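Chemist: Got a structure for you, questions after.
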Amino acid sequence: MKKQMRKNILKARMSLDHRQVEEKSAMICEKILNLAEFKKAQAVMAYLPIRNEVDVKPLFRFLWAEGKRLVIPVCDPPNIAIIPSEIIDLADDLEPGTWGILEPKKDKMRPVSPRDIDCVIIPGVAFDPACNRLGYGGGYYDRFLPKLRENTPKIAVAFQVQIVPELVPDVYDIPMDMVITEENGYCR
Ligand SMILES: Nc1ncnc2c1ncn2[C@@H]1O[C@H](COP(=O)(O)OP(=O)(O)OP(=O)(O)O)[C@@H](O)[C@H]1O
Ligand SMILES: [Mg+2]
């Protein structure tokens, strides 16, 4: 059942200490930086990590240095929607929002069309080697991902403790194109 698995995997991820999270995250970011799908993207949607999610912030600096656009998902709970918004300054643009996730301040919302996003880096609770995803249970990404262009790469990042042998996806669950961990890379 999805609910029990979320609980177990989140517990395993929370048991990683800060140093492990940073080390493993650095290895994952290094792999992402070398992916053609990432390298050729002009606008990348990533996220701001919470609760021991893979820390993808090292990618931000790289994107900005290359003159590329960083987009983050902003939760819109009334509509169960994700609003992609461009971030240009981590220090100045953000404040705590839904579920304590950092979000753009009202006057720093810079909505980006999903059609203008070239690559998406996606967090989650658990993944399997076939690139199925178990998220937090809101169905936010499952509703958002179909709005992207058909061929936009969907790249999930996770720690190896989040990989399970098999997930049984529901019909509305959108699979990932790739899942990158500190030890492995899975392709669909
Ligand atoms: N495309 C969709 N349209 C309508 N309802 C959907 C869609 N996708 C998912 N849902 C609904 O959202 C709920 C949560 O879905 P699910 O358990 O797969 O969440 P999740 O993928 O773990 O969450 P998240 O993507 O937010 O991390 C389900 O009850 C499902 O019916
Ligand atoms: Mg789902």
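Within each chain, counting starts at residue 1; across the structure tokens, chains are named A, B, ... in the order shown, with ligands numbered 1 upward in that order.
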Could you write out, as a PyMOL selection string, all the residues of chain A that DSSP marks as helix (DSSP H, G or I)?

Modeler: chain A and resi 2-14+18-33+36-39+57-65+77-79+90-93+98-100+106-108+114-116+140-147+160-162

Chemist: Hey, which residues come within 6 Å of ligand 1 if we count only C-alpha atoms and all ligand atoms? Could you give them as a VMD selection string?

Modeler: chain A and resid 124 134 to 143 172 to 173

Chemist: Using only C-alpha atoms, determine which residues lie at most 12 Å from range 12-27 of chain A, disregarding the query and same-chain residues fewer than 4 positions distant; provide the list as an NGL selection string.

Modeler: :A and (5-8 or 31-34 or 49-59 or 124-126 or 157-164 or 180-185)

Chemist: In Å, how far is it from CA of Lys68 in chain A to CA of Cys187 in chain A?

Modeler: 25.3 Å

Chemist: Can you list, as a ChimeraX atom specification, every residue of range 56-153 of chain A that DSSP puts in strand (DSSP E or B)?

Modeler: /A:69-76,81-87,94-96,102-104,111,119-122,126-127,133-134

Chemist: So which residues touch Ile83 in chain A within 10 Å, counting only C-alpha atoms, skipping near sequence neighbours fewer than 2 positions away, as a ChimeraX atom specification?

Modeler: /A:71-76,80-81,85-86,109-114,144

Chemist: Any idea what the distance is between CA of Leu10 in chain A and CA of Glu95 in chain A?

Modeler: 24.6 Å

Chemist: Within 9 Å of Asn132 in chain A, counting only C-alpha atoms, which residues qualify if same-chain residues fewer than 4 places away don't, as a PyMOL selection string?

Modeler: chain A and resi 126-128+166-169+173-176+179+188

Chemist: Looking at only C-alpha atoms, which of A:Arg115, A:Lys105, A:Arg61, A:Arg133 is the one that sits closest to Glu150 in chain A?

Modeler: A:Arg115

Chemist: Which residue gives the smallest distance to ligand 2 among A:Met178, A:Leu145, A:Ala65, A:Val120, with only C-alpha atoms and all ligand atoms counted?

Modeler: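 Answer, going by the shortest atom-to-atom distance: A:Leu145.
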
Chemist: Using only C-alpha atoms and all ligand atoms for the distances, tell me which of A:Pro129, A:Pro123, A:Phe60, A:Thr152 is nearest to ligand 2.

Modeler: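 The answer is A:Pro123, which sits nearest to ligand 2.
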
Chemist: Ranking A:Pro165, A:Ile122, A:Arg149, A:Leu63 by minimum distance to Ala46 in chain A and counting only C-alpha atoms, which one comes first?

Modeler: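 When distances to Ala46 in chain A are compared using only C-alpha atoms, the smallest one comes from A:Ile122.
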
Chemist: Could you check how far CA of Asp116 in chain A sits from CA of Lys40 in chain A, in Å to one decimal?

Modeler: 13.5 Å

Chemist: Give the answer as one residue: which of A:Ala36, A:Ile87, A:Val171, A:Leu94 has the shortest atom-to-atom distance to ligand 2, using only C-alpha atoms and all ligand atoms?

Modeler: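 Closest residue, counting only C-alpha atoms and all ligand atoms: A:Val171.
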
Chemist: Under the rule that only C-alpha atoms and all ligand atoms are counted, which of A:Lys2, A:Ile82, A:Leu35, A:Asp92 is the nearest residue to ligand 2?

Modeler: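 Looking only at the distances to ligand 2, the closest residue turns out to be A:Lys2.
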